[in-house]
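Asks: Got a file for you: structure_2.cif, mmCIF, C-alpha atoms and all ligand atoms.
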```cif
data_entry
#
loop_
_atom_site.label_atom_id
_atom_site.label_comp_id
_atom_site.auth_asym_id
_atom_site.auth_seq_id
_atom_site.Cartn_x
_atom_site.Cartn_y
_atom_site.Cartn_z
CA MET A 1 137.35 -18.12 -67.26
CA GLN A 2 140.52 -16.46 -68.44
CA VAL A 3 141.00 -12.88 -67.17
CA TYR A 4 143.72 -10.85 -68.92
CA TYR A 5 145.21 -7.90 -67.10
CA THR A 6 147.65 -6.55 -69.68
CA LYS A 7 147.25 -5.29 -73.23
CA GLU A 8 150.10 -7.51 -74.47
CA ASN A 9 148.41 -10.68 -73.20
CA ILE A 10 144.93 -9.97 -74.53
CA SER A 11 146.30 -8.75 -77.90
CA GLU A 12 148.37 -11.90 -78.29
CA LYS A 13 145.41 -14.15 -77.45
CA VAL A 14 143.05 -12.41 -79.90
CA HIS A 15 145.74 -12.44 -82.57
CA SER A 16 146.18 -16.19 -82.17
CA LEU A 17 142.39 -16.79 -82.35
CA LYS A 18 142.07 -14.68 -85.49
CA THR A 19 145.04 -16.49 -87.06
CA GLN A 20 143.05 -19.71 -86.56
CA GLY A 21 140.19 -18.13 -88.52
CA LYS A 22 137.97 -17.43 -85.48
CA SER A 23 135.82 -14.33 -85.38
CA VAL A 24 136.15 -12.25 -82.20
CA GLY A 25 133.44 -9.92 -80.92
CA PHE A 26 133.91 -7.25 -78.28
CA VAL A 27 131.77 -5.65 -75.58
CA PRO A 28 133.58 -2.78 -73.83
CA THR A 29 132.15 -2.11 -70.35
CA MET A 30 132.93 -0.29 -67.16
CA GLY A 31 131.90 -3.35 -65.15
CA ALA A 32 129.07 -3.64 -62.61
CA LEU A 33 127.57 -5.90 -65.22
CA HIS A 34 123.84 -6.49 -65.52
CA ASP A 35 121.49 -8.29 -67.89
CA GLY A 36 121.85 -5.47 -70.42
CA HIS A 37 125.57 -6.24 -70.78
CA LEU A 38 124.88 -9.97 -70.91
CA SER A 39 122.41 -9.39 -73.73
CA LEU A 40 125.17 -7.60 -75.71
CA VAL A 41 127.51 -10.55 -75.18
CA SER A 42 124.80 -13.03 -76.20
CA ARG A 43 124.09 -10.92 -79.28
CA GLY A 44 127.81 -11.07 -80.09
CA PHE A 45 127.77 -14.87 -80.08
CA GLU A 46 125.41 -14.72 -83.09
CA GLU A 47 128.38 -13.60 -85.21
CA ASN A 48 131.47 -14.61 -83.29
CA GLU A 49 132.93 -17.74 -81.79
CA PHE A 50 134.74 -15.79 -79.08
CA MET A 51 133.75 -12.67 -77.17
CA VAL A 52 136.07 -10.28 -75.35
CA VAL A 53 134.54 -8.23 -72.53
CA SER A 54 136.65 -5.38 -71.19
CA ILE A 55 136.00 -4.18 -67.66
CA PHE A 56 137.58 -0.80 -67.06
CA VAL A 57 136.26 2.25 -65.26
CA ASN A 58 137.70 4.86 -67.58
CA PRO A 59 138.77 7.92 -65.57
CA THR A 60 138.99 10.33 -68.51
CA GLN A 61 135.28 10.16 -69.36
CA PHE A 62 134.05 11.30 -65.94
CA ASP A 63 133.37 15.01 -65.61
CA ASN A 64 132.50 14.52 -61.95
CA PRO A 65 135.26 13.10 -59.68
CA GLU A 66 132.68 11.99 -57.08
CA ASP A 67 130.89 9.93 -59.74
CA LEU A 68 134.20 8.27 -60.69
CA LYS A 69 134.97 7.49 -57.05
CA LYS A 70 131.53 6.00 -56.41
CA TYR A 71 131.36 3.99 -59.62
CA PRO A 72 130.84 0.33 -58.58
CA ARG A 73 133.84 -1.98 -59.06
CA THR A 74 132.76 -5.61 -58.85
CA LEU A 75 135.18 -7.70 -60.93
CA ASP A 76 134.56 -11.06 -59.17
CA ARG A 77 130.82 -10.71 -59.49
CA ASP A 78 131.16 -9.60 -63.12
CA VAL A 79 133.29 -12.64 -63.97
CA ALA A 80 130.78 -14.95 -62.23
CA LEU A 81 127.94 -13.42 -64.25
CA LEU A 82 129.79 -13.82 -67.55
CA LYS A 83 130.48 -17.47 -66.66
CA THR A 84 126.73 -18.08 -66.76
CA LEU A 85 126.96 -17.43 -70.52
CA SER A 86 130.21 -19.27 -71.25
CA ASP A 87 133.35 -20.19 -69.36
CA SER A 88 135.64 -20.94 -72.28
CA LYS A 89 134.45 -18.63 -75.09
CA ILE A 90 134.52 -15.33 -73.17
CA LEU A 91 137.82 -13.59 -72.50
CA VAL A 92 137.80 -10.83 -69.90
CA TYR A 93 140.22 -7.93 -70.25
CA ALA A 94 140.46 -6.06 -66.93
CA PRO A 95 143.37 -3.62 -67.28
CA SER A 96 144.70 -1.21 -64.69
CA VAL A 97 144.71 2.54 -65.36
CA ASP A 98 148.46 2.20 -65.84
CA ASP A 99 148.07 -0.49 -68.53
CA ILE A 100 145.87 1.85 -70.58
CA TYR A 101 147.28 5.29 -69.81
CA GLY A 102 150.74 4.82 -68.29
CA ASN A 103 151.27 7.92 -66.19
CA ASN A 104 149.52 10.18 -68.67
CA VAL A 105 145.85 9.98 -67.66
CA ILE A 106 144.46 12.47 -70.15
CA SER A 107 142.11 12.41 -73.11
CA GLU A 108 142.99 12.93 -76.72
CA ARG A 109 140.81 15.48 -78.53
CA PHE A 110 138.30 14.28 -81.10
CA SER A 111 135.96 15.80 -83.60
CA TYR A 112 132.83 13.83 -84.44
CA ASP A 113 131.35 16.17 -87.04
CA GLY A 114 129.38 18.09 -84.40
CA LEU A 115 127.68 15.08 -82.76
CA GLU A 116 129.72 15.81 -79.64
CA PHE A 117 128.14 19.24 -79.10
CA GLU A 118 124.59 17.96 -78.56
CA MET A 119 122.88 16.57 -75.46
CA GLU A 120 125.43 14.73 -73.27
CA GLY A 121 128.18 16.84 -74.84
CA ARG A 122 126.50 20.01 -73.54
CA PHE A 123 126.15 18.71 -70.01
CA ARG A 124 129.26 16.56 -69.55
CA GLU A 125 132.34 18.48 -70.55
CA GLY A 126 135.10 16.39 -72.14
CA HIS A 127 133.03 13.23 -71.81
CA PHE A 128 133.20 12.21 -75.46
CA ASP A 129 136.93 12.93 -75.70
CA GLY A 130 137.33 10.45 -72.84
CA VAL A 131 135.06 7.91 -74.51
CA GLY A 132 136.86 8.32 -77.86
CA THR A 133 140.26 7.94 -76.17
CA ILE A 134 139.39 4.70 -74.40
CA VAL A 135 137.35 3.11 -77.18
CA LYS A 136 140.03 3.82 -79.79
CA ARG A 137 142.72 2.37 -77.51
CA LEU A 138 140.61 -0.68 -76.70
CA PHE A 139 139.96 -1.31 -80.40
CA GLU A 140 143.70 -1.08 -81.09
CA ILE A 141 144.46 -3.52 -78.27
CA VAL A 142 141.62 -6.01 -78.77
CA THR A 143 141.36 -5.76 -82.60
CA PRO A 144 137.84 -7.27 -82.67
CA ASN A 145 135.91 -8.11 -85.82
CA PHE A 146 132.66 -6.76 -84.33
CA ALA A 147 131.88 -4.53 -81.34
CA TYR A 148 128.50 -4.21 -79.59
CA PHE A 149 127.04 -1.11 -77.95
CA GLY A 150 123.63 -0.51 -76.40
CA GLU A 151 121.23 2.08 -77.77
CA LYS A 152 120.65 3.43 -74.27
CA ASP A 153 123.78 5.49 -74.93
CA PHE A 154 122.53 6.36 -78.40
CA GLN A 155 124.77 9.41 -78.75
CA GLN A 156 127.80 7.37 -77.69
CA LEU A 157 126.89 4.74 -80.30
CA ALA A 158 126.65 7.43 -83.02
CA ILE A 159 129.97 8.92 -81.91
CA ILE A 160 131.72 5.55 -81.93
CA LYS A 161 130.45 4.86 -85.47
CA LYS A 162 131.90 8.25 -86.47
CA LEU A 163 135.22 7.48 -84.70
CA VAL A 164 135.55 4.19 -86.58
CA GLU A 165 134.76 5.93 -89.87
CA ASN A 166 137.13 8.87 -89.24
CA TYR A 167 140.06 6.64 -88.22
CA ASP A 168 139.27 3.83 -90.61
CA ILE A 169 139.28 1.28 -87.77
CA PRO A 170 138.60 -2.23 -89.13
CA VAL A 171 135.68 -3.19 -86.86
CA THR A 172 131.94 -3.45 -87.48
CA ILE A 173 129.87 -1.58 -84.90
CA VAL A 174 126.58 -3.19 -83.95
CA GLY A 175 123.94 -1.15 -82.11
CA CYS A 176 121.70 -3.22 -79.80
CA LYS A 177 118.23 -2.53 -78.45
CA ILE A 178 117.81 -1.09 -74.95
CA HIS A 179 117.39 -3.78 -72.31
CA ARG A 180 114.79 -2.82 -69.70
CA GLU A 181 113.80 -3.97 -66.25
CA ALA A 182 110.21 -5.26 -65.89
CA SER A 183 109.26 -1.77 -64.72
CA GLY A 184 110.46 -0.27 -68.01
CA LEU A 185 113.54 1.34 -66.43
CA ALA A 186 116.49 1.10 -68.83
CA MET A 187 119.15 -1.20 -67.38
CA SER A 188 122.20 0.66 -66.13
CA SER A 189 125.03 0.01 -63.69
CA ARG A 190 123.86 3.15 -61.91
CA ASN A 191 120.46 1.60 -61.06
CA GLU A 192 121.96 -0.43 -58.24
CA ARG A 193 122.92 2.81 -56.48
CA LEU A 194 119.32 4.08 -56.46
CA LYS A 195 117.72 4.31 -53.01
CA PRO A 196 114.44 2.29 -52.86
CA GLU A 197 112.09 5.27 -53.29
CA TYR A 198 114.09 6.50 -56.30
CA LYS A 199 114.16 3.01 -57.79
CA LEU A 200 110.37 3.03 -57.59
CA ALA A 201 110.18 6.50 -59.13
CA ALA A 202 112.69 6.02 -61.97
CA PRO A 203 110.41 4.05 -64.39
CA PHE A 204 108.57 7.38 -64.77
CA ILE A 205 111.33 8.30 -67.23
CA TYR A 206 110.44 5.56 -69.71
CA LYS A 207 106.70 6.00 -69.10
CA THR A 208 107.07 9.68 -70.05
CA LEU A 209 109.04 8.77 -73.18
CA VAL A 210 106.30 6.37 -74.27
CA GLU A 211 103.64 9.05 -73.76
CA ALA A 212 105.80 11.64 -75.54
CA LYS A 213 106.07 9.28 -78.50
CA ALA A 214 102.28 9.00 -78.71
CA LYS A 215 101.92 12.80 -78.54
CA PHE A 216 104.58 13.35 -81.21
CA GLY A 217 102.17 11.73 -83.70
CA THR A 218 99.92 14.80 -83.60
CA LYS A 219 101.81 17.56 -81.79
CA SER A 220 104.90 19.63 -82.53
CA ALA A 221 108.25 18.90 -80.87
CA THR A 222 107.89 22.19 -78.92
CA LYS A 223 104.50 21.17 -77.53
CA VAL A 224 105.75 17.69 -76.58
CA THR A 225 108.82 19.22 -74.92
CA GLU A 226 106.63 21.59 -72.90
CA TRP A 227 104.45 18.70 -71.82
CA VAL A 228 107.43 16.58 -70.71
CA THR A 229 108.98 19.52 -68.86
CA ASN A 230 105.73 20.04 -66.94
CA GLN A 231 105.45 16.35 -66.10
CA PHE A 232 108.86 16.47 -64.45
CA LYS A 233 108.17 19.81 -62.72
CA ALA A 234 105.23 18.13 -61.03
CA HIS A 235 107.30 15.13 -59.97
CA ASP A 236 108.58 15.12 -56.38
CA LEU A 237 111.66 12.95 -56.82
CA LEU A 238 112.98 13.26 -60.36
CA GLU A 239 114.64 16.32 -61.80
CA LEU A 240 114.79 16.76 -65.56
CA GLU A 241 118.13 17.85 -67.00
CA TYR A 242 117.03 17.78 -70.61
CA PHE A 243 114.38 16.44 -72.92
CA ILE A 244 115.18 16.69 -76.61
CA ILE A 245 113.59 15.37 -79.76
CA ALA A 246 116.43 15.01 -82.24
CA ASP A 247 117.13 13.92 -85.78
CA ILE A 248 118.89 10.54 -85.42
CA GLU A 249 121.53 11.43 -88.04
CA THR A 250 122.69 14.82 -86.73
CA LEU A 251 121.36 14.55 -83.15
CA LYS A 252 120.27 18.17 -83.51
CA PRO A 253 116.92 19.14 -82.00
CA VAL A 254 114.11 18.96 -84.54
CA LYS A 255 112.73 22.32 -85.63
CA ARG A 256 110.08 21.26 -88.09
CA LYS A 257 109.03 17.62 -88.52
CA SER A 258 109.76 16.01 -91.86
CA LYS A 259 108.39 12.63 -93.00
CA GLN A 260 111.75 11.86 -94.60
CA LYS A 261 113.63 12.02 -91.31
CA LYS A 262 113.84 9.72 -88.33
CA TYR A 263 113.60 11.11 -84.82
CA ARG A 264 114.31 9.98 -81.28
CA ALA A 265 113.37 11.50 -77.95
CA PHE A 266 116.10 11.71 -75.30
CA ILE A 267 115.89 12.30 -71.56
CA ALA A 268 118.52 12.89 -68.89
CA ALA A 269 117.18 13.18 -65.36
CA TYR A 270 118.46 13.08 -61.81
CA ALA A 271 117.08 10.63 -59.27
CA ASP A 272 118.65 12.09 -56.13
CA ASP A 273 122.33 12.41 -57.12
CA ILE A 274 122.17 9.64 -59.74
CA ARG A 275 121.99 10.73 -63.34
CA LEU A 276 119.90 8.50 -65.58
CA ILE A 277 119.48 8.64 -69.35
CA ASP A 278 117.04 6.97 -71.71
CA ASN A 279 115.63 7.41 -75.20
CA ILE A 280 112.99 6.11 -77.57
CA ALA A 281 112.58 5.89 -81.34
CA LEU A 282 109.69 8.07 -82.48
CA ASN A 283 109.11 6.97 -86.08
O1 LIG B 301 129.28 2.72 -72.20
C1 LIG B 301 130.23 2.51 -71.41
O2 LIG B 301 130.13 1.71 -70.47
C2 LIG B 301 131.53 3.25 -71.61
O3 LIG B 301 131.30 4.53 -72.06
C3 LIG B 301 132.53 2.50 -72.51
C4 LIG B 301 132.00 2.38 -73.93
C5 LIG B 301 132.80 1.13 -71.95
C6 LIG B 301 133.84 3.27 -72.57
O4 LIG B 301 134.41 3.38 -71.31
#
```
Just give me the structure as structure tokens.
Ligand code: PAF

Replies:
Amino acid sequence: MQVYYTKENISEKVHSLKTQGKSVGFVPTMGALHDGHLSLVSRGFEENEFMVVSIFVNPTQFDNPEDLKKYPRTLDRDVALLKTLSDSKILVYAPSVDDIYGNNVISERFSYDGLEFEMEGRFREGHFDGVGTIVKRLFEIVTPNFAYFGEKDFQQLAIIKKLVENYDIPVTIVGCKIHREASGLAMSSRNERLKPEYKLAAPFIYKTLVEAKAKFGTKSATKVTEWVTNQFKAHDLLELEYFIIADIETLKPVKRKSKQKKYRAFIAAYADDIRLIDNIALN
């Protein structure tokens, strides 16, 4: 499997493939790949002959330096996993910080029509400027026809769609369903850092979302939020950071339910020092 370490090399390769009329899909990742990432790559092969997977732990999107330091870096294992899908049709781009940022490791500032002020934006300062900075640069370098993002990071997906619209970037964004472990826990690179008792406890997050969805059929968002908050208060190991039922277009918390709108419930919770997020479509 070909691994590209510089933007010039990967750009040139993609350019030559596109000149030959091949469609190129893209899955940007921060590595520590799992089945969720592989499902995005497999999904990409439905539309594209070649897939680029970038593996880059982007420093500007971390609000917590400890989290950045501890983020797993497992390039050899990642490449081996991707090989199980295809050896010749996947191109890995694994740049250094220098290749992406030179000696200017800072975010650009972005406006995403207010989407950035909700949920993750309230709890992770500067996070979406960092995400916008890296995703925009990666799109400019890789120039894919399609790019694939998981709905686990639903707010990120909405923000990237807005970024592409605002900057007129010629790529089609495809949102993909959340991939879950058998226990229901949403797949995440962070899961492998969970201590055994927290790994056992973490599926409670999805279980609560499923129950919240059922309650939302007959109860108000306020009542469901109260119920979820109490569920977590009574839990010994998991600490709720937020539970929000939001309109999927604006990501603003729902005030009064409307049949015309679509809603999703979002959770961020700590399992020890590991922050986990998940969400579910409500209607
Ligand atoms: O979702 C992620 O893993 C990251 O936020 C992304 C999109 C690869 C940008 O660093």

Asks: Which protein, DNA or RNA residues have an atom within 7 Å of ligand LIG 301 (chain B), counting all atoms listed in the file, as a ChimeraX atom specification?

Replies: /A:28-30,56-58,131,134-135,153

Asks: Identify the residues around (127.6, -17.4, -66.1) within a radius of 12 Å, measuring from all atoms listed in the file in the coordinates stated by the file, and give them as a PyMOL selection string.

Replies: chain A and resi 1+33-35+38+41-42+76-90

Asks: Since we have the selection now, will you write its residues out, keeping C-alpha atoms, as a PDB file, in the coordinates of the input?

Replies:
```pdb
ATOM      1  CA  MET A   1     137.350 -18.120 -67.260  1.00  0.00           C
ATOM      2  CA  LEU A  33     127.570  -5.900 -65.220  1.00  0.00           C
ATOM      3  CA  HIS A  34     123.840  -6.490 -65.520  1.00  0.00           C
ATOM      4  CA  ASP A  35     121.490  -8.290 -67.890  1.00  0.00           C
ATOM      5  CA  LEU A  38     124.880  -9.970 -70.910  1.00  0.00           C
ATOM      6  CA  VAL A  41     127.510 -10.550 -75.180  1.00  0.00           C
ATOM      7  CA  SER A  42     124.800 -13.030 -76.200  1.00  0.00           C
ATOM      8  CA  ASP A  76     134.560 -11.060 -59.170  1.00  0.00           C
ATOM      9  CA  ARG A  77     130.820 -10.710 -59.490  1.00  0.00           C
ATOM     10  CA  ASP A  78     131.160  -9.600 -63.120  1.00  0.00           C
ATOM     11  CA  VAL A  79     133.290 -12.640 -63.970  1.00  0.00           C
ATOM     12  CA  ALA A  80     130.780 -14.950 -62.230  1.00  0.00           C
ATOM     13  CA  LEU A  81     127.940 -13.420 -64.250  1.00  0.00           C
ATOM     14  CA  LEU A  82     129.790 -13.820 -67.550  1.00  0.00           C
ATOM     15  CA  LYS A  83     130.480 -17.470 -66.660  1.00  0.00           C
ATOM     16  CA  THR A  84     126.730 -18.080 -66.760  1.00  0.00           C
ATOM     17  CA  LEU A  85     126.960 -17.430 -70.520  1.00  0.00           C
ATOM     18  CA  SER A  86     130.210 -19.270 -71.250  1.00  0.00           C
ATOM     19  CA  ASP A  87     133.350 -20.190 -69.360  1.00  0.00           C
ATOM     20  CA  SER A  88     135.640 -20.940 -72.280  1.00  0.00           C
ATOM     21  CA  LYS A  89     134.450 -18.630 -75.090  1.00  0.00           C
ATOM     22  CA  ILE A  90     134.520 -15.330 -73.170  1.00  0.00           C
TER      23      ILE A  90
END
```

Asks: Is there a way to get, as a ChimeraX atom specification, all residues within 12 Å of the point (137.4, 15.7, -67.9) in file coordinates, counting all atoms listed in the file?

Replies: /A:58-65,67-68,105-109,121,123-131,133

Asks: Would you compute the distance between atom CA of A:Pro144 and atom CA of A:Tyr101? Give it in Å to one decimal.

Replies: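 Pair atom CA of A:Pro144 / atom CA of A:Tyr101 returns 20.3 Å.
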
Asks: Write out as a tab-separated table a residue-level contact list of stretch 31-129 of chain A versus stretch 235-246 of chain A with cut-off 10 Å: for each qualifying residue the closest pair of atoms and the distance in Å to one decimal, counting only C-alpha atoms, rows sorted by chain and residue number upward.

Replies:
```
residue	atom	partner	partner_atom	distance
A:Glu118	CA	A:Ala246	CA	9.4
A:Met119	CA	A:Tyr242	CA	7.7
A:Glu120	CA	A:Tyr242	CA	9.3
A:Phe123	CA	A:Glu241	CA	8.6
```

Asks: Give one line per residue of stretch 153-182 of chain A that approaches stretch 7-27 of chain A to at most 12 Å, naming the two atoms of the closest pair and their distance in Å to one decimal, counting only C-alpha atoms; sort by chain then ascending residue number and deliver it as a tab-separated table.

Replies:
```
residue	atom	partner	partner_atom	distance
A:Val171	CA	A:Gly25	CA	9.3
A:Thr172	CA	A:Gly25	CA	9.3
A:Ile173	CA	A:Phe26	CA	9.6
A:Val174	CA	A:Gly25	CA	10.1
A:Gly175	CA	A:Val27	CA	11.1
A:Cys176	CA	A:Val27	CA	11.2
```

Asks: With a distance cut-off of 10 Å and all atoms listed in the file, select the neighbouring residues of A:Ile280, excluding the residue or stretch itself and same-chain residues fewer than 2 positions from it, and output the selection as an MDAnalysis selection string.

Replies: chainID A and resid 151:152 154 178 206 209:210 212:213 245 263:267 278 282:283

Asks: Go through A:Glu116, A:Asp99, A:Glu66, A:Glu181 one by one, measure the shortest atom-to-atom distance of each to A:Asp273 using all atoms listed in the file, and give the residue with the smallest value.

Replies: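 The answer is A:Glu66, which sits nearest to A:Asp273.
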
Asks: Using all atoms listed in the file, find the one residue out of A:Tyr198, A:Tyr4, A:Phe139, A:Tyr93 that sits nearest to A:Ile160.

Replies: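 Comparing A:Tyr198, A:Tyr4, A:Phe139, A:Tyr93 against A:Ile160, the winner is A:Phe139.
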
Asks: Have a look at atom CA of A:Arg275 and atom CA of A:Met187 and let me know their distance in Å, one decimal.

Replies: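 Spanning atom CA of A:Arg275 to atom CA of A:Met187 is a straight-line distance of 12.9 Å.
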
Asks: Measure the distance from atom CA of A:Leu40 to atom CA of A:Tyr148 in Å and round it to one decimal.

Replies: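 Distance between the two atoms: 6.1 Å.
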
Asks: Which residues of stretch 96-142 of chain A have any atom within 10 Å of an atom in stretch 165-170 of chain A when counting all atoms listed in the file, and what is the closest pair of atoms for each, with the distance in Å to one decimal? Order the rows by chain and rising number and write it as a Markdown table.

Replies:
```
| residue | atom | partner | partner_atom | distance |
| --- | --- | --- | --- | --- |
| A:Phe110 | CA | A:Asn166 | CA | 9.8 |
| A:Ser111 | CA | A:Asn166 | CA | 9.0 |
| A:Tyr112 | CA | A:Asn166 | CA | 8.1 |
| A:Asp113 | CA | A:Asn166 | CA | 9.6 |
| A:Lys136 | CA | A:Ile169 | CA | 8.4 |
| A:Phe139 | CA | A:Ile169 | CA | 7.8 |
| A:Glu140 | CA | A:Ile169 | CA | 8.4 |
```

Asks: For A:Pro203, which of A:Arg180, A:Arg190, A:Lys223, A:Lys259 is the closest residue, counting all atoms listed in the file?

Replies: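 Ranked by minimum distance to A:Pro203, first place goes to A:Arg180.
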
Asks: For A:Val142, which residue among A:Val53, A:Gly184, A:Asn230, A:Asn103 is the nearest when counting all atoms listed in the file?

Replies: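 So, comparing all the options, the nearest one is A:Val53.
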
Asks: Provide an axis-aligned box for all listed atoms of stretch 198-214 of chain A, padding each side by 4 Å; report its centre and its edge lengths in Å to one decimal, as lines of an AutoDock Vina configuration file.

Replies:
```
center_x = 108.2
center_y = 7.3
center_z = -67.5
size_x = 19.9
size_y = 16.6
size_z = 30.4
```

Asks: Check the smallest atom-to-atom distance from each of A:Lys252, A:Ser39, A:Phe204, A:Pro72 to A:Arg122 using all atoms listed in the file, then report the winner.

Replies: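 Answer, going by the shortest atom-to-atom distance: A:Lys252.
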
Asks: Please determine, counting all atoms listed in the file, which residue among A:Lys195, A:His179, A:Lys257, A:Arg43 has the shortest atom-to-atom distance to A:Thr218.

Replies: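 Counting all atoms listed in the file, the residue closest to A:Thr218 is A:Lys257.
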
Asks: Output as a PDB file, keeping the file's coordinate frame: stretch 183-199 of chain A, completed with N, CA and C atoms.

Replies:
```pdb
ATOM      1  N   SER A 183     109.936  -3.048 -64.942  1.00  0.00           N
ATOM      2  CA  SER A 183     109.260  -1.770 -64.720  1.00  0.00           C
ATOM      3  C   SER A 183     109.389  -0.811 -65.909  1.00  0.00           C
ATOM      4  N   GLY A 184     110.231  -1.152 -66.863  1.00  0.00           N
ATOM      5  CA  GLY A 184     110.460  -0.270 -68.010  1.00  0.00           C
ATOM      6  C   GLY A 184     111.761   0.530 -67.866  1.00  0.00           C
ATOM      7  N   LEU A 185     112.296   0.589 -66.648  1.00  0.00           N
ATOM      8  CA  LEU A 185     113.540   1.340 -66.430  1.00  0.00           C
ATOM      9  C   LEU A 185     114.680   0.731 -67.269  1.00  0.00           C
ATOM     10  N   ALA A 186     115.375   1.589 -68.017  1.00  0.00           N
ATOM     11  CA  ALA A 186     116.490   1.100 -68.830  1.00  0.00           C
ATOM     12  C   ALA A 186     117.582   0.558 -67.919  1.00  0.00           C
ATOM     13  N   MET A 187     118.121  -0.619 -68.249  1.00  0.00           N
ATOM     14  CA  MET A 187     119.150  -1.200 -67.380  1.00  0.00           C
ATOM     15  C   MET A 187     120.416  -0.353 -67.425  1.00  0.00           C
ATOM     16  N   SER A 188     120.993  -0.154 -66.252  1.00  0.00           N
ATOM     17  CA  SER A 188     122.200   0.660 -66.130  1.00  0.00           C
ATOM     18  C   SER A 188     122.923   0.253 -64.851  1.00  0.00           C
ATOM     19  N   SER A 189     124.251   0.337 -64.897  1.00  0.00           N
ATOM     20  CA  SER A 189     125.030   0.010 -63.690  1.00  0.00           C
ATOM     21  C   SER A 189     124.692   0.973 -62.563  1.00  0.00           C
ATOM     22  N   ARG A 190     124.189   2.154 -62.937  1.00  0.00           N
ATOM     23  CA  ARG A 190     123.860   3.150 -61.910  1.00  0.00           C
ATOM     24  C   ARG A 190     122.591   2.758 -61.132  1.00  0.00           C
ATOM     25  N   ASN A 191     121.734   1.913 -61.719  1.00  0.00           N
ATOM     26  CA  ASN A 191     120.460   1.600 -61.060  1.00  0.00           C
ATOM     27  C   ASN A 191     120.672   0.987 -59.679  1.00  0.00           C
ATOM     28  N   GLU A 192     121.772   0.237 -59.537  1.00  0.00           N
ATOM     29  CA  GLU A 192     121.960  -0.430 -58.240  1.00  0.00           C
ATOM     30  C   GLU A 192     122.327   0.560 -57.124  1.00  0.00           C
ATOM     31  N   ARG A 193     122.636   1.789 -57.514  1.00  0.00           N
ATOM     32  CA  ARG A 193     122.920   2.810 -56.480  1.00  0.00           C
ATOM     33  C   ARG A 193     121.668   3.595 -56.093  1.00  0.00           C
ATOM     34  N   LEU A 194     120.542   3.320 -56.765  1.00  0.00           N
ATOM     35  CA  LEU A 194     119.320   4.080 -56.460  1.00  0.00           C
ATOM     36  C   LEU A 194     118.738   3.654 -55.113  1.00  0.00           C
ATOM     37  N   LYS A 195     118.404   4.631 -54.275  1.00  0.00           N
ATOM     38  CA  LYS A 195     117.720   4.310 -53.010  1.00  0.00           C
ATOM     39  C   LYS A 195     116.319   3.802 -53.366  1.00  0.00           C
ATOM     40  N   PRO A 196     115.701   2.955 -52.493  1.00  0.00           N
ATOM     41  CA  PRO A 196     114.440   2.290 -52.860  1.00  0.00           C
ATOM     42  C   PRO A 196     113.382   3.237 -53.412  1.00  0.00           C
ATOM     43  N   GLU A 197     113.188   4.409 -52.791  1.00  0.00           N
ATOM     44  CA  GLU A 197     112.090   5.270 -53.290  1.00  0.00           C
ATOM     45  C   GLU A 197     112.413   5.822 -54.684  1.00  0.00           C
ATOM     46  N   TYR A 198     113.702   6.008 -54.976  1.00  0.00           N
ATOM     47  CA  TYR A 198     114.090   6.500 -56.300  1.00  0.00           C
ATOM     48  C   TYR A 198     113.993   5.386 -57.344  1.00  0.00           C
ATOM     49  N   LYS A 199     114.284   4.168 -56.897  1.00  0.00           N
ATOM     50  CA  LYS A 199     114.160   3.010 -57.790  1.00  0.00           C
ATOM     51  C   LYS A 199     112.695   2.855 -58.233  1.00  0.00           C
TER      52      LYS A 199
END
```
